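A.B. asks: Quick one: the structure is below, questions incoming.
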Amino acid sequence: MAQPFRLSRGGRIDRSRPLVFQFNGRPVQGYAGDTVASALIANGIHLVGRSFKYHRPRGILSHGPDEPSALLSVDRGPGRIDPNNRASVVEVRPGLRTASQNHWPSLEYDIGAVNDLLSPVFVAGFYYKTFMWPRKFWDKVYEPFIRAAAGLGKAPVEADPDRYANRHAHCDVLIVGAGPAGLAAALAAARTGKRVILADEGAEPGGALLHDTTSEIDGRPAAQWLAETLADLDGRENVILLPRTTAFGYYNHNHVALAERITDHLPGSATPGPRERLWQVRAGEVVLAGGSHERPLVFADNDRPGILLAESVRVFLNRYGVAPGRRIVFATNGASAYTAALDARNAGLDVTLVDLRLEADCGPELARLRAAGVTVLTGHTVIGSKGRKRVTGLIVAPLGSDGRCGGRRVLDCDCVGMSGGWTPAVHLFSQSRGKLAYDEGIDAFVPATSAQAERSAGAARGRYDLAACLTDGFAAGAAAAGSEEQRAFVATPTLTGFQPVRIMPTDADPAKVRAFVDFQNDVTAKDIKLAVREGFHSIEHVKRYTTTGMATDQGKTSNMNALGIVAGQLDKALPAVGTTTFRPPYTPVSFGTLVGPARHALFDPIRTTPIHAWAESQGATFENVGLWRRAWYFPRPGEDLHAAVARECKAVREGVGIFDASTLGKIEIVGPDAAEFMNRMYVNPWAKLAPGRCRYGLMLKEDGYILDDGVVARVSDECFHVTTTTGGAPRVLAHMEDYLQTEWPDLQVFLTSTTEQWAVIALQGPKAREVIAPLVDEIDLSPEAFPHMAMRTGRICGVPTRLFRVSFTGELGFEINVPADHALAVWEAIVAAGQPHGITPYGTETMHVLRAEKGYIIVGQETDGTVTPDDVGLAGMIAKAKPDFVGKRSLARPDVVASGRKQLVGLVTEDPKLVLDEGAQIVSDTNQPIPMRMLGHVTSSYWSPNCHRSIAMALVADGRALLGRSLYVTTPTGFTRVTVSEPVFFDIQGERVHA
Amino acid sequence: MLLIACPHCGNRPETEFRCGGQAHIARPEQPGALNDEAWSQYLFVRKNPRGVHAERWCHAHGCGRWFNALRDTVSDRFLETYPMGAQPALSPESETRA
């Protein structure tokens, strides 16, 4: 019979909508409104996984987000496999495929369970103690073993096909948790008209009201009050109610991150809309009403399938209409489990309750439960459980007045509901940096001092009584909205209070007892005691050594028990031990939610030039330069990189090449003080540079090291057209703005980035002038009228241009600046005009080779932020007469003027065909002992088609004093001998640029 | 994410800003007149207080303007922002925690 443990009536599931999903390949029936956990329990399935370390059979412990054990892999279709989902929060839908984890070959027969027999070996700190030696075992034996054993579940291998959304929101009051306190807070805040967001992680808002079938609020059944309250909130335009939305992170300035699950629960895979949405909420005030977590009892074999938290038994009965067992034993140290026991009794189940408290310490709950015909054993401890893959009995014993255990007896059962008391969910409060205080009356840490505009309400700060929760929540909501309104709610009194216990008293040998504290990380009470004995006295150290409270669980069920055991071992009060830091996320968040739409083309912006499409159409290969995508080389059919680059290099030197230099950074510097500003920012002199002339500018940081370089043209007395390196453009502008705004605000200068406004077409080679001559108007191109390092304004193809006669190749060349919108048309016109001259498009690789043949540096390649102008042979650029410029004083620092600095030189290999590796180290003597003295490294190295040999530049200690000397450069197989040369390899006299 | 009040634009998220380190360190009028010790103090030595710190910030992805701020390095709270060249209303020293 399907769903044998489903009750005939009750619960919030929809019995008219049955559905079937899969668990480990088997069909399982459930109803709309079920979670995977409730549907599995309805079918008598409790064994749902194997534990992390010992591979012990594990069942469902809880009904909510604190579930540490029932972690399933959920398969929603191709590419939609998601491991480590808590069965207690995954809503069932038709066709959903779920599977248990961490076992081989099967859930029922798991080889890894041998770890459980070896548990005396796997004590706290096992890894630290065991994998110490022999050291050579680490790579081949230990690490592969640990990697294979580590982790739960299997990560998906396919790309996630789902869509994720991202939303920023602002509100006056954000309320986290829509249980009684959160709902009352929302009511109070909403009445003020303030903008309210109420977020609840559950499929249905309501929290504990969803399974409270007996309480009344203001004279109405709790469920009716809930429905009316939700209808009220829903009807208000100033309230956004977000179900299935977990507040998982609380950051600075009331920035709270929420994860909304939108489509996972809907039937069918082709659901519209994003799967999940990340909300980044900026709230004026935050109300934390996240409720509380029940603690397990710590006794031997307390982790057997069928052993649940007592309140969770109640939830499964009342909310989902399923019986976790037919013979249920409740074990407790407090009152709340009596409510669960009473509900179980009223559902017609066989119920017994074992209470650690003495008869005299119990409240009215005792008489009420006995009156319902339930056997209650007070003053009894739980020694252990029977059964392996399912609990079959609970071993209990009376406690004598001396604390000794009396005669054991076994209570036969198929389910245990345990309750060790309650812990407020202070995770988000703790993340907000609020300070906790220990409240002895409820044996828990509660929010004490807020660090942000935030307040906690209800069970989240230890108010467990229903009426108190509502009243507290209302006051918090009103205060958050700036109102002083109060409302006293009348509700059925809640059975509260418990007598704290860390480990249940036992007559068993403590060395053999396996009593679990942290179910997710397989940490036992024994492990924690061992850690303390071994000297770990700080709770943060115990946490890391034993792993208790770590990973996705963050100690929801385990925290207080672990703290209590440590305190007991140290014989300290709990507040003296303190608590560990709760870290975001509160519950796991999928990567997709965090990434949102920032995938594929939206992952990182791509910058392209106006000529990009033309380069693509010509079959260019591209490379990434920062965010820019630049044409790397233009292969012809059958050509590889080297063949194409060799052809392009020859073409430029022998005919004419065309190159897209649009990515060059450009800054327009305008104003009466423009020249003065240039004088202060660059090492060069600018005052006497005539309009229409260009100069190579070198820029330093204040520490004297090269920041950037580029050609600068003086457009007019008060206007400079500055170019920067492609990657340096934003950095240079920011550097200039910093000085202009903060040091010299008196200078009348404007700085404007014009990188995207000017496209730059570099035309280089002996035939460059012939190619553009027919296209240019208003400019005399003759060498006499337009010499090297000059700039003229005029027209090309009818388009306004700033035409630079400059060269980064050593050839006669022009850099044609045109407005970006016209660049492609001008480019195509030049290419057409160049056809008779064999014009050849070339890419960045050829640009690099040609400049290296000439020994031109590239900032960032020949320099690395610790290189001065003199180091690269550019000391001659420095204006001698200027009293000051940024970096000048630092050029006289002792370290900068000291001898032995690395200097730029050329390297000529003995074997002309050998191309050195860039970054290769340089030594003077290969026979010296290791570690050898490194003299420097290769900065640039290429095959030079024009020199018919390899060329290289390097930074070498005292390099200029070593000209002609032999040095050795590392190669993948050893060393090769090189001769130090000047860093110029082609047209050493530099005559060609003046053609 | 911090909210930072740009004196020119108002509250904006911290991703729009760049921090420029300690504020109120004027570049020497005549760097050449400083000895190596004094120059290295100016160039390299900065405070790293536990508590209130006067810092330079730039609204890089907004108005692009530099301003000063008093930030508590313990709580990450901004106590005050004020234009470049101005002095804070609060005194950084008096606000600094022991």
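In the structure tokens, each chain is lettered A, B, ... as it comes, each chain's residues begin at 1, and ligands are numbered from 1 in order of appearance.
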Tell me as a PyMOL selection string which residues belonging to chain B come within 8 Å of chain A, counting only C-alpha atoms.

C.D. replies: chain B and resi 1-3+26-27+30-32+36+39+43+65-66+76+84-85

A.B. asks: Stretch 684-686 of chain A: which residues within 12 Å, counting only C-alpha atoms, same-chain residues fewer than 4 positions away excluded, as number ranges by chain?

C.D. replies: A: 673-680, 690-691, 693-700, 709-714, 717-720, 869, 874-888

A.B. asks: Atom CA of A:Leu183 and atom CA of A:Arg319, how far apart in Å?

C.D. replies: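 Going from atom CA of A:Arg319 over to atom CA of A:Leu183, I get 18.7 Å.
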
A.B. asks: DSSP on the backbone: which residues in chain B end up as strand (DSSP E or B)? Give the answer as a count of residues only.

C.D. replies: 33

A.B. asks: Which of these residues is nearest to A:Thr214, using only C-alpha atoms: A:Gly290, A:Gly813, A:Pro493, A:Pro730?

C.D. replies: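 Ranked by minimum distance to A:Thr214, first place goes to A:Pro493.
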
A.B. asks: Please measure the separation of atom CA of A:Leu356 and atom CA of A:Val416, giving the value in Å to one decimal.

C.D. replies: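 Atom CA of A:Val416 lies at a distance of 14.9 Å from atom CA of A:Leu356.
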
A.B. asks: Residues within 12 Å of B:Gly64, please, as a PyMOL selection string. Count only C-alpha atoms; anything in the same chain fewer than 4 positions from it doesn't count.

C.D. replies: (chain A and resi 730+733-738+741+751-752) or (chain B and resi 6-9+16-18+57-60)

A.B. asks: Neighbours of A:Leu470 within 9 Å (only C-alpha atoms; same-chain residues fewer than 4 positions away dropped), as a ChimeraX atom specification?

C.D. replies: /A:180-185,457-458,465-466,474-475,487-491

A.B. asks: Just want the 12 Å neighbourhood of B:Asn48, counted on only C-alpha atoms, with same-chain residues fewer than 5 positions away dropped. Output as number ranges by chain.

C.D. replies: B: 21-23, 53-55, 71-74, 96

A.B. asks: Write out as a ChimeraX atom specification the residues lying within 8 Å of stretch 46-58 of chain A, counting only C-alpha atoms and excluding same-chain residues fewer than 2 positions away.

C.D. replies: /A:40-41,44,60,69-72,100-103,107,110,112-116,119,151-152,303-306,388-390,519-522
